[in-house]
Amino acid sequence: MTQPRRAGSGAAVPRMLAERAREISDGRLQPAVPRDAATVILLRQAPSGPPGPEAFLLRRTAELEFAPGACVFPGGSVDAHDADEGIAWTGPAPADFGGLLNVPPDRARALVCAAVRETFEESGVLLAGSAASPLDDHADLSGDRYALLAGATSLGEVLSRRGLALRADLLTPWARWITPEASPRRFDTWFFAAALPAGQAATAVPEGHSGPGESESGMWLRPAAALEAAQAGQITLLPPTAVTLGELAGHDDVARILATRRVITPRMPRVVVEDGRIRLAMPPPGEQAP
């Protein structure tokens with residue numbers, strides 16, 4: 001499925017979404033119910049050149065049903081294990097996170113746990129440690145990552161076995177995006193920003209893992225460079241990813257990004273049907289999803 005490369009209103013809409021938008025507009029189809037999901041914007045200070053952040057992007061495989069070939073931040077759907085109250089936790093309590101995300105504490109806990117789990121699965125970066133410091137040695141975590149990907153263990157089991165706790169304080173709530181109603185698979189996704197912990201490295205697939213994965217490669221890019229690459233047709237960015245990179249492009253320091261306290265309101269692009277024409281309309285800043 002061809003994905004739009006531009007993020008602004010009027011961006012191209014794949015034919016399948018256009019057809020679904022018409023059916024929804026005509027009352028012949030009900031929108032799919034979005035699933036809760038979490039995404040982590042992994043950041044590091046650029047190792048060379050002018051001061052500024054780099055973001056870690058994964059290029060999804062072409063075989064995937066959702067966003068094939070797109071470059072995305074690590075993330076995915078909340079699963080049942082993410083609601084486990086036994087997962088060791090340090091940092092702001094779920095109730096505090098719930099206040100930041102405008103959701104109940106149990107939903108906030110599941111979202112934060114999903115964010116940490118998916119980041120570990122998809123990039124190998126584990127946002128865990130003690131209350132005093134993040135984990136700074138990931139050399140022997142590839143086995144845990146593979147087991148988690150294979151469904152042979154859970155995040156709670158990995159943390160418990162290694163005497164670690166999830167570090168909620170490493171996550172900064174950034175945004176909330178809901179997939180357009182015309183999409184057959186929809187997600188209600190909370191975006192979090194986090195710095196790459198010292199001593200850890202982000203990779204697209206776990207070491208020694210030859211099985212199928214969702215990503216074929218990973219890359220660190222300055223936000224502005226990623227947007228330029230998308231504009232040139234070198235990479236594909238989904239609209240929320242492009243908007244987020246645009247928000248980050250004006251910053252020159254990762255610490256300042258993480259110190260930002262944003263009001264989290266749901267935003268949802270819309271596939272608009274007007275006079276027989278189809279276009280993607282992006283919500284303006286501050287507009288909430290209906």
# chains A, B, ... in the order shown; residues from 1 in each chain; ligands from 1

call {"tool": "residues_around", "arguments": {"residues": "Val125 (chain A)", "least_positions_apart": "6", "cutoff": "7 Å", "atoms": "only C-alpha atoms", "output": "ChimeraX atom specification"}}
result
/A:119,200-202

call {"tool": "residues_around", "arguments": {"residues": "Ala80 (chain A)", "least_positions_apart": "5", "cutoff": "12 Å", "atoms": "only C-alpha atoms", "output": "JSON, numbers by chain"}}
result
{"A": [36, 37, 85, 106, 107, 109, 110, 111, 113, 114, 154, 155, 156]}

call {"tool": "write_last_selection", "arguments": {"atoms": "C-alpha atoms", "output": "short mmCIF file (atom, residue, chain, number, x, y, z; two decimals), in the first residue's frame"}}
result
data_model
loop_
_atom_site.label_atom_id
_atom_site.label_comp_id
_atom_site.auth_asym_id
_atom_site.auth_seq_id
_atom_site.Cartn_x
_atom_site.Cartn_y
_atom_site.Cartn_z
CA ASP A 36 -4.32 1.67 22.74
CA ALA A 37 -0.66 1.90 21.73
CA GLU A 85 0.56 -4.45 38.56
CA ASP A 106 -4.49 1.62 35.37
CA ARG A 107 -4.58 2.77 31.76
CA ARG A 109 0.36 2.05 33.82
CA ALA A 110 -0.42 -0.12 30.80
CA LEU A 111 0.64 2.63 28.38
CA CYS A 113 4.69 -0.47 30.39
CA ALA A 114 3.87 -0.90 26.69
CA SER A 154 7.15 -10.95 29.74
CA LEU A 155 8.62 -7.58 30.61
CA GLY A 156 7.79 -8.16 34.26
#

call {"tool": "residues_around", "arguments": {"residues": "Asp252 (chain A)", "least_positions_apart": "6", "cutoff": "7 Å", "atoms": "only C-alpha atoms", "output": "NGL selection string"}}
result
:A and (51-53)

call {"tool": "atom_distance", "arguments": {"atom1": "CA of Arg15 (chain A)", "atom2": "CA of Ala232 (chain A)"}}
result
22.2 Å

call {"tool": "residues_around", "arguments": {"residues": "Pro269 (chain A)", "least_positions_apart": "2", "cutoff": "9 Å", "atoms": "only C-alpha atoms", "output": "number ranges by chain"}}
result
A: 9, 177-181, 239-240, 267, 271, 280-283, 289
